[in-house]
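> Dropping the structure in here first, questions after.
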Amino acid sequence: MNPARIEKFAGVAELLRCPLCGARMHVRDASLRCEEGHGFDIAAKGYVNLMRRAVRDEYDAGFFDARSKILAAGFYGHVLEALEDVLASRNLAGPMLDAGCGEGYYAKALAEGVDVSIIGLDTSRDAILRAARGGNRVCWFVSDVANLPVRDGALGCILNIFTPANYAEFTRALSADGMLVKIVPGPRHMIELRELAGERLRHAHHSNRRVVEHFERHMVLERRVRACATCDVAPDQVADLLRMTPLLFGVDDTQLPHDRIRRVTVDAELLVARAGHADA
């Protein structure tokens, strides 16, 4: 085991709580252990699996491979830049958690420019394996947003990017002056694919109104930031683009005319908030 990997997790151990009993965690040898004796190995590949059962869904290794290629090609670069601007406008009050981090695109990029500790977690082991590749200073966990492995009030910032939220857990884990940045699809997100797929989609017309309303029932919304850009799509990128978007889950993309996919719009809205109630 690389000593640097153990040291990395030792640096965040004081923030953690056991996902099984809630007790404080510490590093012993090459594992994280709680005061009640529960233990979780630090894998040689640089992550810790806190889940006793695997989650099976459509987010498999092929999905994350395709998404990594699209992200590396810069299709979501403007979303990352908007997120960096939001974080730069605030003094982070403590550690950051990327809740539902996927393959770690945002957490790894942010780790290059912020001084706070960063934790990335996702229920998908395939995603976390990819995130941990190559070594980086982010602490990666296979874990559930419905049972965050962090102590009450331990976090200065939570990111929740294009993925489901658990606001009760977010509120519990955030410090009194902590912030939440949730990123949701904007109205024109993947509009070209929506128009191409047409009636094959379960939801051909997108609105984030209900998501935002639910968000505001649990958090104090301070800012809304739009990040929208249209990018050219090369022929050899089409298959990965179709494979990586949950929009097309359940759609046989072989029936779509790939040669008509020449541009795609990535439209996102950043919801910046703090914990509490709207009348607080």
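Following the order of the structure tokens, first chain is A, next is B, and so on, with residues numbered from 1 inside each chain and ligands from 1 in the order they appear.
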Write out as a PDB file with N, CA and C atoms, in the first residue's frame which residues come within 6 Å of segment 266-269 of chain A when counting only C-alpha atoms, dropping same-chain ones fewer than 2 positions away.

```pdb
ATOM      1  N   ILE A 183     -26.316  21.499  -9.101  1.00  0.00           N
ATOM      2  CA  ILE A 183     -26.372  21.810 -10.530  1.00  0.00           C
ATOM      3  C   ILE A 183     -27.415  20.922 -11.182  1.00  0.00           C
ATOM      4  N   VAL A 184     -28.347  21.565 -11.879  1.00  0.00           N
ATOM      5  CA  VAL A 184     -29.444  20.847 -12.534  1.00  0.00           C
ATOM      6  C   VAL A 184     -29.463  21.202 -14.020  1.00  0.00           C
ATOM      7  N   PRO A 185     -30.050  20.349 -14.840  1.00  0.00           N
ATOM      8  CA  PRO A 185     -30.147  20.674 -16.269  1.00  0.00           C
ATOM      9  C   PRO A 185     -30.992  21.923 -16.496  1.00  0.00           C
ATOM     10  N   GLY A 186     -30.556  22.758 -17.425  1.00  0.00           N
ATOM     11  CA  GLY A 186     -31.338  23.919 -17.836  1.00  0.00           C
ATOM     12  C   GLY A 186     -32.349  23.533 -18.902  1.00  0.00           C
ATOM     13  N   ARG A 188     -32.644  24.056 -22.059  1.00  0.00           N
ATOM     14  CA  ARG A 188     -32.176  23.658 -23.383  1.00  0.00           C
ATOM     15  C   ARG A 188     -31.143  22.531 -23.340  1.00  0.00           C
ATOM     16  N   HIS A 189     -31.032  21.882 -22.196  1.00  0.00           N
ATOM     17  CA  HIS A 189     -30.025  20.834 -22.066  1.00  0.00           C
ATOM     18  C   HIS A 189     -30.303  19.682 -23.037  1.00  0.00           C
ATOM     19  N   MET A 190     -29.308  19.393 -23.869  1.00  0.00           N
ATOM     20  CA  MET A 190     -29.397  18.307 -24.849  1.00  0.00           C
ATOM     21  C   MET A 190     -30.623  18.451 -25.751  1.00  0.00           C
ATOM     22  N   VAL A 225     -27.324  30.623 -11.191  1.00  0.00           N
ATOM     23  CA  VAL A 225     -26.349  30.962 -12.219  1.00  0.00           C
ATOM     24  C   VAL A 225     -26.547  30.031 -13.400  1.00  0.00           C
ATOM     25  N   ARG A 226     -26.710  30.605 -14.576  1.00  0.00           N
ATOM     26  CA  ARG A 226     -26.924  29.809 -15.800  1.00  0.00           C
ATOM     27  C   ARG A 226     -25.588  29.614 -16.517  1.00  0.00           C
ATOM     28  N   ALA A 227     -25.364  28.406 -17.008  1.00  0.00           N
ATOM     29  CA  ALA A 227     -24.174  28.088 -17.797  1.00  0.00           C
ATOM     30  C   ALA A 227     -24.625  27.268 -18.999  1.00  0.00           C
ATOM     31  N   CYS A 228     -24.606  27.875 -20.171  1.00  0.00           N
ATOM     32  CA  CYS A 228     -25.140  27.225 -21.371  1.00  0.00           C
ATOM     33  C   CYS A 228     -24.187  27.445 -22.536  1.00  0.00           C
ATOM     34  N   ALA A 229     -23.900  26.377 -23.269  1.00  0.00           N
ATOM     35  CA  ALA A 229     -23.035  26.475 -24.452  1.00  0.00           C
ATOM     36  C   ALA A 229     -23.386  25.354 -25.415  1.00  0.00           C
TER      37      ALA A 229
END
```
> Set out as CSV a contact list for segment 77-98 of chain A and segment 152-160 of chain A with a cut-off of 12 Å, giving each residue of segment 77-98 of chain A that qualifies its closest atom pair and distance in Å to one decimal, counting only C-alpha atoms, ordered by chain and rising residue number.

```
residue,atom,partner,partner_atom,distance
A:Leu80,CA,A:Leu159,CA,11.8
A:Leu83,CA,A:Leu159,CA,9.5
A:Glu84,CA,A:Leu159,CA,11.6
A:Val86,CA,A:Leu159,CA,11.5
A:Leu87,CA,A:Cys157,CA,9.1
A:Arg90,CA,A:Cys157,CA,10.3
A:Asn91,CA,A:Gly156,CA,9.3
A:Leu92,CA,A:Gly156,CA,5.9
A:Ala93,CA,A:Gly156,CA,4.6
A:Gly94,CA,A:Gly156,CA,4.0
A:Pro95,CA,A:Leu155,CA,5.1
A:Met96,CA,A:Cys157,CA,4.7
A:Leu97,CA,A:Ile158,CA,4.8
A:Asp98,CA,A:Leu159,CA,4.6
```
> Please save all heavy atoms of the selected residues as a short mmCIF file (atom, residue, chain, number, x, y, z; two decimals), in the first residue's frame.

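File produced: result_35.cif:
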```cif
data_model
loop_
_atom_site.label_atom_id
_atom_site.label_comp_id
_atom_site.auth_asym_id
_atom_site.auth_seq_id
_atom_site.Cartn_x
_atom_site.Cartn_y
_atom_site.Cartn_z
N LEU A 80 -18.00 23.73 -15.41
CA LEU A 80 -16.92 23.75 -14.43
C LEU A 80 -16.45 25.17 -14.16
O LEU A 80 -16.24 25.56 -13.00
CB LEU A 80 -15.74 22.90 -14.93
CG LEU A 80 -14.47 22.93 -14.09
CD1 LEU A 80 -14.73 22.45 -12.67
CD2 LEU A 80 -13.37 22.10 -14.75
N LEU A 83 -18.87 26.92 -11.94
CA LEU A 83 -18.74 26.42 -10.57
C LEU A 83 -17.52 27.02 -9.89
O LEU A 83 -17.58 27.44 -8.72
CB LEU A 83 -18.65 24.90 -10.59
CG LEU A 83 -18.43 24.19 -9.25
CD1 LEU A 83 -19.52 24.54 -8.25
CD2 LEU A 83 -18.34 22.68 -9.45
N GLU A 84 -16.41 27.09 -10.59
CA GLU A 84 -15.19 27.70 -10.04
C GLU A 84 -15.43 29.16 -9.67
O GLU A 84 -14.96 29.63 -8.63
CB GLU A 84 -14.05 27.56 -11.03
CG GLU A 84 -13.55 26.14 -11.21
CD GLU A 84 -12.53 26.00 -12.32
OE1 GLU A 84 -12.60 26.79 -13.29
OE2 GLU A 84 -11.69 25.09 -12.23
N VAL A 86 -18.32 30.54 -8.82
CA VAL A 86 -19.17 30.58 -7.64
C VAL A 86 -18.35 30.34 -6.37
O VAL A 86 -18.49 31.05 -5.37
CB VAL A 86 -20.31 29.54 -7.77
CG1 VAL A 86 -20.99 29.31 -6.41
CG2 VAL A 86 -21.34 30.00 -8.79
N LEU A 87 -17.49 29.34 -6.41
CA LEU A 87 -16.69 29.02 -5.23
C LEU A 87 -15.68 30.12 -4.93
O LEU A 87 -15.40 30.41 -3.75
CB LEU A 87 -15.97 27.68 -5.44
CG LEU A 87 -16.88 26.45 -5.59
CD1 LEU A 87 -16.04 25.20 -5.84
CD2 LEU A 87 -17.75 26.26 -4.35
N ARG A 90 -16.88 33.03 -2.70
CA ARG A 90 -17.12 32.78 -1.29
C ARG A 90 -15.85 32.26 -0.63
O ARG A 90 -15.07 31.55 -1.24
CB ARG A 90 -18.23 31.72 -1.12
CG ARG A 90 -19.61 32.16 -1.56
CD ARG A 90 -20.34 32.87 -0.45
NE ARG A 90 -20.64 31.98 0.64
CZ ARG A 90 -21.80 31.33 0.78
NH1 ARG A 90 -22.75 31.46 -0.13
NH2 ARG A 90 -22.01 30.54 1.82
N ASN A 91 -15.65 32.60 0.62
CA ASN A 91 -14.56 32.01 1.39
C ASN A 91 -15.05 30.68 1.94
O ASN A 91 -15.93 30.65 2.81
CB ASN A 91 -14.14 32.94 2.53
CG ASN A 91 -13.47 34.19 2.04
OD1 ASN A 91 -12.71 34.16 1.08
ND2 ASN A 91 -13.76 35.32 2.68
N LEU A 92 -14.52 29.57 1.41
CA LEU A 92 -14.95 28.26 1.87
C LEU A 92 -14.63 28.10 3.35
O LEU A 92 -13.50 28.33 3.79
CB LEU A 92 -14.27 27.17 1.06
CG LEU A 92 -14.65 27.11 -0.43
CD1 LEU A 92 -13.94 25.95 -1.12
CD2 LEU A 92 -16.14 26.99 -0.61
N ALA A 93 -15.64 27.69 4.11
CA ALA A 93 -15.50 27.63 5.56
C ALA A 93 -15.01 26.27 6.04
O ALA A 93 -15.01 26.01 7.24
CB ALA A 93 -16.84 27.96 6.21
N GLY A 94 -14.62 25.41 5.16
CA GLY A 94 -14.17 24.10 5.58
C GLY A 94 -14.16 23.11 4.44
O GLY A 94 -14.23 23.49 3.26
N PRO A 95 -14.08 21.83 4.73
CA PRO A 95 -13.95 20.78 3.71
C PRO A 95 -15.13 20.76 2.75
O PRO A 95 -16.23 21.24 3.05
CB PRO A 95 -13.90 19.50 4.55
CG PRO A 95 -13.46 19.94 5.90
CD PRO A 95 -14.04 21.30 6.10
N MET A 96 -14.86 20.19 1.58
CA MET A 96 -15.86 20.11 0.51
C MET A 96 -16.20 18.66 0.22
O MET A 96 -15.33 17.79 0.22
CB MET A 96 -15.31 20.78 -0.76
CG MET A 96 -16.25 20.76 -1.95
SD MET A 96 -15.45 21.39 -3.46
CE MET A 96 -14.97 23.03 -2.92
N LEU A 97 -17.48 18.39 -0.02
CA LEU A 97 -17.95 17.05 -0.39
C LEU A 97 -18.65 17.13 -1.73
O LEU A 97 -19.55 17.94 -1.92
CB LEU A 97 -18.92 16.52 0.66
CG LEU A 97 -19.66 15.22 0.30
CD1 LEU A 97 -18.72 14.04 0.30
CD2 LEU A 97 -20.83 14.98 1.25
N ASP A 98 -18.23 16.28 -2.68
CA ASP A 98 -18.94 16.13 -3.94
C ASP A 98 -19.83 14.90 -3.81
O ASP A 98 -19.36 13.76 -3.87
CB ASP A 98 -17.93 15.95 -5.08
CG ASP A 98 -18.59 15.98 -6.46
OD1 ASP A 98 -19.83 15.92 -6.53
OD2 ASP A 98 -17.86 16.05 -7.47
#
```
> For Lys108 of chain A, work out the shell of residues within 12 Å, counting only C-alpha atoms and skipping chain neighbours fewer than 3 positions away, then give it as a VMD selection string.
chain A and resid 80 96 to 98 101 to 105 111 to 114 117 to 120 128 130 to 140
> Given the selection you just returned, output its residues as a file containing N, CA and C atoms, formatted as a compact mmCIF listing (two decimals), in the first residue's frame.

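Printed below is part_17.txt as written:
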```txt
# COMPACT_ATOMS: atom_id res chain seq x y z
N LEU A 80 -18.00 23.73 -15.41
CA LEU A 80 -16.92 23.75 -14.43
C LEU A 80 -16.45 25.17 -14.16
N MET A 96 -14.86 20.19 1.58
CA MET A 96 -15.86 20.11 0.51
C MET A 96 -16.20 18.66 0.22
N LEU A 97 -17.48 18.39 -0.02
CA LEU A 97 -17.95 17.05 -0.39
C LEU A 97 -18.65 17.13 -1.73
N ASP A 98 -18.23 16.28 -2.68
CA ASP A 98 -18.94 16.13 -3.94
C ASP A 98 -19.83 14.90 -3.81
N CYS A 101 -20.39 12.03 -7.06
CA CYS A 101 -19.30 12.61 -7.85
C CYS A 101 -19.04 11.93 -9.18
N GLY A 102 -19.65 10.76 -9.42
CA GLY A 102 -19.38 10.06 -10.67
C GLY A 102 -17.90 9.75 -10.80
N GLU A 103 -17.36 9.99 -11.98
CA GLU A 103 -15.95 9.69 -12.25
C GLU A 103 -15.01 10.77 -11.74
N GLY A 104 -15.53 11.77 -11.04
CA GLY A 104 -14.70 12.73 -10.34
C GLY A 104 -14.23 13.93 -11.14
N TYR A 105 -14.86 14.21 -12.27
CA TYR A 105 -14.43 15.31 -13.14
C TYR A 105 -14.34 16.63 -12.39
N ALA A 111 -9.77 20.37 -7.00
CA ALA A 111 -8.67 20.08 -6.09
C ALA A 111 -7.39 20.79 -6.48
N GLU A 112 -7.30 21.19 -7.76
CA GLU A 112 -6.12 21.91 -8.22
C GLU A 112 -6.10 23.36 -7.76
N GLY A 113 -7.27 23.88 -7.33
CA GLY A 113 -7.33 25.30 -7.05
C GLY A 113 -7.83 25.70 -5.68
N VAL A 114 -8.24 24.75 -4.84
CA VAL A 114 -8.72 25.09 -3.50
C VAL A 114 -7.82 24.43 -2.46
N SER A 117 -9.80 20.31 2.16
CA SER A 117 -9.90 18.89 1.86
C SER A 117 -11.14 18.63 1.00
N ILE A 118 -11.05 17.66 0.09
CA ILE A 118 -12.17 17.33 -0.78
C ILE A 118 -12.46 15.84 -0.68
N ILE A 119 -13.73 15.52 -0.47
CA ILE A 119 -14.20 14.15 -0.43
C ILE A 119 -15.16 13.95 -1.61
N GLY A 120 -15.00 12.86 -2.34
CA GLY A 120 -15.91 12.52 -3.41
C GLY A 120 -16.56 11.19 -3.12
N ILE A 128 -16.16 5.28 -8.90
CA ILE A 128 -15.10 5.60 -7.96
C ILE A 128 -13.76 4.99 -8.40
N ARG A 130 -12.76 4.69 -11.43
CA ARG A 130 -12.26 5.59 -12.45
C ARG A 130 -11.78 6.90 -11.82
N ALA A 131 -12.51 7.41 -10.83
CA ALA A 131 -12.11 8.67 -10.19
C ALA A 131 -10.75 8.55 -9.51
N ALA A 132 -10.47 7.40 -8.94
CA ALA A 132 -9.24 7.23 -8.16
C ALA A 132 -8.02 6.94 -9.03
N ARG A 133 -8.21 6.72 -10.31
CA ARG A 133 -7.09 6.37 -11.17
C ARG A 133 -6.03 7.47 -11.20
N GLY A 134 -4.79 7.05 -11.23
CA GLY A 134 -3.69 7.99 -11.40
C GLY A 134 -3.25 8.69 -10.15
N GLY A 135 -4.01 8.54 -9.07
CA GLY A 135 -3.63 9.21 -7.83
C GLY A 135 -3.96 10.69 -7.85
N ASN A 136 -4.58 11.18 -6.84
CA ASN A 136 -4.93 12.59 -6.69
C ASN A 136 -5.24 12.82 -5.22
N ARG A 137 -5.44 14.05 -4.83
CA ARG A 137 -5.58 14.32 -3.40
C ARG A 137 -7.01 14.25 -2.89
N VAL A 138 -7.97 13.94 -3.77
CA VAL A 138 -9.35 13.76 -3.35
C VAL A 138 -9.49 12.41 -2.63
N CYS A 139 -10.26 12.37 -1.56
CA CYS A 139 -10.54 11.12 -0.85
C CYS A 139 -11.84 10.53 -1.40
N TRP A 140 -11.75 9.36 -2.00
CA TRP A 140 -12.88 8.77 -2.71
C TRP A 140 -13.55 7.69 -1.88
```
> Counting only C-alpha atoms, what is within 10 Å of segment 60-71 of chain A, bar same-chain residues fewer than 6 positions away, as an MDAnalysis selection string?
chainID A and resid 77 102:106 124:131 233 237:246
> For the residues in the current selection, export N, CA, C and O atoms as a JSON list (two decimals), in the first residue's frame.

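That gives us result-v8.json:
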```json
[["chain", "number", "residue", "atom", "x", "y", "z"],
["A", 77, "GLY", "N", -16.99, 22.04, -19.98],
["A", 77, "GLY", "CA", -16.00, 22.96, -19.44],
["A", 77, "GLY", "C", -16.60, 24.25, -18.93],
["A", 77, "GLY", "O", -16.15, 24.81, -17.92],
["A", 102, "GLY", "N", -19.65, 10.76, -9.42],
["A", 102, "GLY", "CA", -19.38, 10.06, -10.67],
["A", 102, "GLY", "C", -17.90, 9.75, -10.80],
["A", 102, "GLY", "O", -17.24, 9.33, -9.84],
["A", 103, "GLU", "N", -17.36, 9.99, -11.98],
["A", 103, "GLU", "CA", -15.95, 9.69, -12.25],
["A", 103, "GLU", "C", -15.01, 10.77, -11.74],
["A", 103, "GLU", "O", -13.80, 10.69, -11.95],
["A", 104, "GLY", "N", -15.53, 11.77, -11.04],
["A", 104, "GLY", "CA", -14.70, 12.73, -10.34],
["A", 104, "GLY", "C", -14.23, 13.93, -11.14],
["A", 104, "GLY", "O", -13.32, 14.64, -10.70],
["A", 105, "TYR", "N", -14.86, 14.21, -12.27],
["A", 105, "TYR", "CA", -14.43, 15.31, -13.14],
["A", 105, "TYR", "C", -14.34, 16.63, -12.39],
["A", 105, "TYR", "O", -13.32, 17.34, -12.45],
["A", 106, "TYR", "N", -15.39, 16.98, -11.66],
["A", 106, "TYR", "CA", -15.43, 18.28, -11.00],
["A", 106, "TYR", "C", -14.52, 18.30, -9.76],
["A", 106, "TYR", "O", -13.76, 19.26, -9.55],
["A", 124, "SER", "N", -21.70, 4.17, -7.07],
["A", 124, "SER", "CA", -21.15, 3.30, -8.10],
["A", 124, "SER", "C", -19.66, 3.04, -7.88],
["A", 124, "SER", "O", -18.85, 3.95, -7.93],
["A", 125, "ARG", "N", -19.31, 1.77, -7.67],
["A", 125, "ARG", "CA", -17.90, 1.41, -7.54],
["A", 125, "ARG", "C", -17.16, 1.64, -8.86],
["A", 125, "ARG", "O", -15.99, 2.03, -8.87],
["A", 126, "ASP", "N", -17.84, 1.40, -9.99],
["A", 126, "ASP", "CA", -17.22, 1.66, -11.29],
["A", 126, "ASP", "C", -16.80, 3.12, -11.41],
["A", 126, "ASP", "O", -15.72, 3.43, -11.93],
["A", 127, "ALA", "N", -17.66, 4.02, -10.95],
["A", 127, "ALA", "CA", -17.35, 5.44, -11.02],
["A", 127, "ALA", "C", -16.16, 5.79, -10.13],
["A", 127, "ALA", "O", -15.24, 6.51, -10.54],
["A", 128, "ILE", "N", -16.16, 5.28, -8.90],
["A", 128, "ILE", "CA", -15.10, 5.60, -7.96],
["A", 128, "ILE", "C", -13.76, 4.99, -8.40],
["A", 128, "ILE", "O", -12.70, 5.62, -8.23],
["A", 129, "LEU", "N", -13.78, 3.82, -8.97],
["A", 129, "LEU", "CA", -12.55, 3.23, -9.50],
["A", 129, "LEU", "C", -11.93, 4.14, -10.55],
["A", 129, "LEU", "O", -10.71, 4.36, -10.58],
["A", 130, "ARG", "N", -12.76, 4.69, -11.43],
["A", 130, "ARG", "CA", -12.26, 5.59, -12.45],
["A", 130, "ARG", "C", -11.78, 6.90, -11.82],
["A", 130, "ARG", "O", -10.76, 7.45, -12.21],
["A", 131, "ALA", "N", -12.51, 7.41, -10.83],
["A", 131, "ALA", "CA", -12.11, 8.67, -10.19],
["A", 131, "ALA", "C", -10.75, 8.55, -9.51],
["A", 131, "ALA", "O", -9.96, 9.51, -9.51],
["A", 233, "VAL", "N", -20.05, 18.40, -32.43],
["A", 233, "VAL", "CA", -19.86, 17.00, -32.12],
["A", 233, "VAL", "C", -19.22, 16.31, -33.33],
["A", 233, "VAL", "O", -19.80, 16.31, -34.42],
["A", 237, "GLN", "N", -17.48, 11.03, -31.82],
["A", 237, "GLN", "CA", -17.93, 11.33, -30.46],
["A", 237, "GLN", "C", -19.41, 11.01, -30.25],
["A", 237, "GLN", "O", -19.88, 10.99, -29.12],
["A", 238, "VAL", "N", -20.11, 10.73, -31.32],
["A", 238, "VAL", "CA", -21.57, 10.56, -31.24],
["A", 238, "VAL", "C", -21.94, 9.38, -30.35],
["A", 238, "VAL", "O", -22.81, 9.49, -29.47],
["A", 239, "ALA", "N", -21.30, 8.23, -30.55],
["A", 239, "ALA", "CA", -21.65, 7.04, -29.77],
["A", 239, "ALA", "C", -21.44, 7.28, -28.27],
["A", 239, "ALA", "O", -22.28, 6.89, -27.45],
["A", 240, "ASP", "N", -20.33, 7.94, -27.91],
["A", 240, "ASP", "CA", -20.09, 8.23, -26.49],
["A", 240, "ASP", "C", -21.11, 9.23, -25.95],
["A", 240, "ASP", "O", -21.58, 9.09, -24.81],
["A", 241, "LEU", "N", -21.47, 10.21, -26.73],
["A", 241, "LEU", "CA", -22.47, 11.19, -26.30],
["A", 241, "LEU", "C", -23.80, 10.52, -26.01],
["A", 241, "LEU", "O", -24.44, 10.78, -24.99],
["A", 242, "LEU", "N", -24.22, 9.62, -26.90],
["A", 242, "LEU", "CA", -25.49, 8.93, -26.71],
["A", 242, "LEU", "C", -25.43, 7.97, -25.53],
["A", 242, "LEU", "O", -26.43, 7.77, -24.83],
["A", 243, "ARG", "N", -24.27, 7.38, -25.32],
["A", 243, "ARG", "CA", -24.12, 6.39, -24.24],
["A", 243, "ARG", "C", -24.11, 7.05, -22.87],
["A", 243, "ARG", "O", -24.55, 6.46, -21.88],
["A", 244, "MET", "N", -23.62, 8.30, -22.78],
["A", 244, "MET", "CA", -23.39, 8.91, -21.47],
["A", 244, "MET", "C", -24.56, 9.72, -20.93],
["A", 244, "MET", "O", -24.51, 10.19, -19.79],
["A", 245, "THR", "N", -25.60, 9.93, -21.69],
["A", 245, "THR", "CA", -26.68, 10.78, -21.19],
["A", 245, "THR", "C", -27.85, 9.96, -20.67],
["A", 245, "THR", "O", -28.42, 9.14, -21.41],
["A", 246, "PRO", "N", -28.24, 10.14, -19.40],
["A", 246, "PRO", "CA", -29.40, 9.43, -18.85],
["A", 246, "PRO", "C", -30.69, 9.77, -19.60],
["A", 246, "PRO", "O", -31.67, 9.04, -19.50]]
```
> Determine the nearest neighbour of Asn49 of chain A from the options A:Glu195, A:Arg224, A:Ala165, A:Leu121, counting only C-alpha atoms.
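Counting only C-alpha atoms, the residue closest to Asn49 of chain A is A:Leu121.
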> Run DSSP on the backbone and tell me which residues of segment 63-209 of chain A come out as alpha helix (DSSP H); list them as a VMD selection string.
chain A and resid 63 to 72 77 to 88 105 to 111 125 to 131 167 to 173 191 to 197 209
> Restricting the output to C-alpha atoms, write the selected residues as a compact mmCIF listing (two decimals), in the first residue's frame.

```txt
# COMPACT_ATOMS: atom_id res chain seq x y z
CA PHE A 63 -21.51 4.68 -19.06
CA PHE A 64 -18.66 6.23 -17.08
CA ASP A 65 -16.10 5.44 -19.79
CA ALA A 66 -18.25 7.26 -22.35
CA ARG A 67 -18.92 10.17 -20.00
CA SER A 68 -15.22 10.54 -19.20
CA LYS A 69 -14.44 10.93 -22.90
CA ILE A 70 -17.13 13.58 -23.36
CA LEU A 71 -16.02 15.47 -20.26
CA ALA A 72 -12.36 15.30 -21.32
CA GLY A 77 -16.00 22.96 -19.44
CA HIS A 78 -18.26 26.02 -19.16
CA VAL A 79 -20.17 24.35 -16.29
CA LEU A 80 -16.92 23.75 -14.43
CA GLU A 81 -15.87 27.37 -15.01
CA ALA A 82 -19.18 28.64 -13.63
CA LEU A 83 -18.74 26.42 -10.57
CA GLU A 84 -15.19 27.70 -10.04
CA ASP A 85 -16.48 31.28 -10.23
CA VAL A 86 -19.17 30.58 -7.64
CA LEU A 87 -16.69 29.02 -5.23
CA ALA A 88 -14.18 31.83 -5.77
CA TYR A 105 -14.43 15.31 -13.14
CA TYR A 106 -15.43 18.28 -11.00
CA ALA A 107 -13.77 17.24 -7.72
CA LYS A 108 -10.42 16.54 -9.38
CA ALA A 109 -10.46 19.84 -11.23
CA LEU A 110 -11.38 21.82 -8.11
CA ALA A 111 -8.67 20.08 -6.09
CA ARG A 125 -17.90 1.41 -7.54
CA ASP A 126 -17.22 1.66 -11.29
CA ALA A 127 -17.35 5.44 -11.02
CA ILE A 128 -15.10 5.60 -7.96
CA LEU A 129 -12.55 3.23 -9.50
CA ARG A 130 -12.26 5.59 -12.45
CA ALA A 131 -12.11 8.67 -10.19
CA TYR A 167 -31.42 17.59 1.80
CA ALA A 168 -31.84 16.24 5.33
CA GLU A 169 -28.35 14.73 5.16
CA PHE A 170 -26.91 17.81 3.46
CA THR A 171 -28.30 20.07 6.18
CA ARG A 172 -26.98 17.79 8.91
CA ALA A 173 -23.48 17.66 7.45
CA ILE A 191 -32.19 19.93 -26.86
CA GLU A 192 -30.79 18.50 -30.10
CA LEU A 193 -31.03 14.94 -28.76
CA ARG A 194 -34.51 15.57 -27.36
CA GLU A 195 -35.74 16.76 -30.73
CA LEU A 196 -34.08 13.86 -32.51
CA ALA A 197 -35.49 11.20 -30.17
CA ARG A 209 -39.29 23.89 -11.97
```
> Have a look at atom CA of Glu35 of chain A and atom CA of Leu20 of chain A and let me know their distance in Å, one decimal.
11.4 Å
> Go through A:Arg260, A:Arg217, A:Arg52, A:Lys45 and flag the residue nearest Asn2 of chain A, using only C-alpha atoms for the distances.
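Nearest candidate to Asn2 of chain A out of A:Arg260, A:Arg217, A:Arg52, A:Lys45: A:Lys45.
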> Quick one: everything within 9 Å of Arg17 of chain A, counting only C-alpha atoms, minus sequence neighbours fewer than 2 positions away in the same chain. Send it as JSON, numbers by chain.
{"A": [13, 14, 15, 19, 20, 21, 22, 23, 24, 25, 34, 148, 149, 150, 151, 152]}
> Take the residues from that selection and write them out as a CSV table (one decimal), in the first residue's frame, keeping N, CA, C and O atoms.

```
chain,number,residue,atom,x,y,z
A,13,ALA,N,-10.0,11.8,8.4
A,13,ALA,CA,-10.6,10.9,9.3
A,13,ALA,C,-11.4,11.6,10.4
A,13,ALA,O,-12.5,11.1,10.8
A,14,GLU,N,-10.9,12.7,10.9
A,14,GLU,CA,-11.6,13.4,11.9
A,14,GLU,C,-13.0,14.0,11.5
A,14,GLU,O,-13.8,14.3,12.3
A,15,LEU,N,-13.2,14.1,10.2
A,15,LEU,CA,-14.5,14.5,9.6
A,15,LEU,C,-15.5,13.4,9.5
A,15,LEU,O,-16.7,13.7,9.4
A,19,PRO,N,-20.7,4.7,8.8
A,19,PRO,CA,-22.0,4.6,8.1
A,19,PRO,C,-22.9,3.5,8.8
A,19,PRO,O,-24.1,3.5,8.5
A,20,LEU,N,-22.3,2.7,9.6
A,20,LEU,CA,-23.1,1.6,10.2
A,20,LEU,C,-23.6,2.0,11.6
A,20,LEU,O,-24.8,1.7,12.0
A,21,CYS,N,-22.8,2.8,12.4
A,21,CYS,CA,-23.3,3.1,13.7
A,21,CYS,C,-23.1,4.6,14.1
A,21,CYS,O,-23.6,5.0,15.1
A,22,GLY,N,-22.5,5.4,13.2
A,22,GLY,CA,-22.4,6.8,13.5
A,22,GLY,C,-21.2,7.2,14.3
A,22,GLY,O,-21.0,8.4,14.6
A,23,ALA,N,-20.4,6.2,14.8
A,23,ALA,CA,-19.2,6.5,15.7
A,23,ALA,C,-18.1,7.2,14.9
A,23,ALA,O,-18.0,7.1,13.7
A,24,ARG,N,-17.2,7.9,15.6
A,24,ARG,CA,-16.1,8.5,15.0
A,24,ARG,C,-15.2,7.5,14.3
A,24,ARG,O,-15.1,6.4,14.8
A,25,MET,N,-14.4,8.0,13.3
A,25,MET,CA,-13.6,7.1,12.5
A,25,MET,C,-12.1,7.5,12.8
A,25,MET,O,-11.8,8.6,13.1
A,34,CYS,N,-14.0,2.4,13.2
A,34,CYS,CA,-14.7,3.3,14.1
A,34,CYS,C,-14.5,2.8,15.5
A,34,CYS,O,-13.9,1.8,15.8
A,148,LEU,N,-24.6,10.0,4.6
A,148,LEU,CA,-23.2,10.6,4.4
A,148,LEU,C,-22.3,10.2,5.5
A,148,LEU,O,-22.7,10.3,6.7
A,149,PRO,N,-21.1,9.8,5.1
A,149,PRO,CA,-20.1,9.3,6.2
A,149,PRO,C,-19.4,10.4,6.8
A,149,PRO,O,-18.2,10.3,7.1
A,150,VAL,N,-20.0,11.5,7.1
A,150,VAL,CA,-19.4,12.7,7.7
A,150,VAL,C,-20.2,13.1,8.9
A,150,VAL,O,-21.4,13.0,9.0
A,151,ARG,N,-19.4,13.7,9.9
A,151,ARG,CA,-20.1,14.1,11.1
A,151,ARG,C,-20.9,15.4,11.0
A,151,ARG,O,-20.8,16.1,10.0
A,152,ASP,N,-21.8,15.6,11.9
A,152,ASP,CA,-22.7,16.7,11.9
A,152,ASP,C,-21.9,18.0,11.8
A,152,ASP,O,-20.9,18.2,12.6
```
> Which distance in Å separates atom CA of Pro164 of chain A and atom CA of Val145 of chain A, to one decimal?
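Result for atom CA of Pro164 of chain A versus atom CA of Val145 of chain A: 8.3 Å, one decimal.
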> When you draw a straight line from atom CA of Gly178 of chain A to atom CA of Ala273 of chain A, how long is it in Å?
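Result for atom CA of Gly178 of chain A versus atom CA of Ala273 of chain A: 8.8 Å, one decimal.
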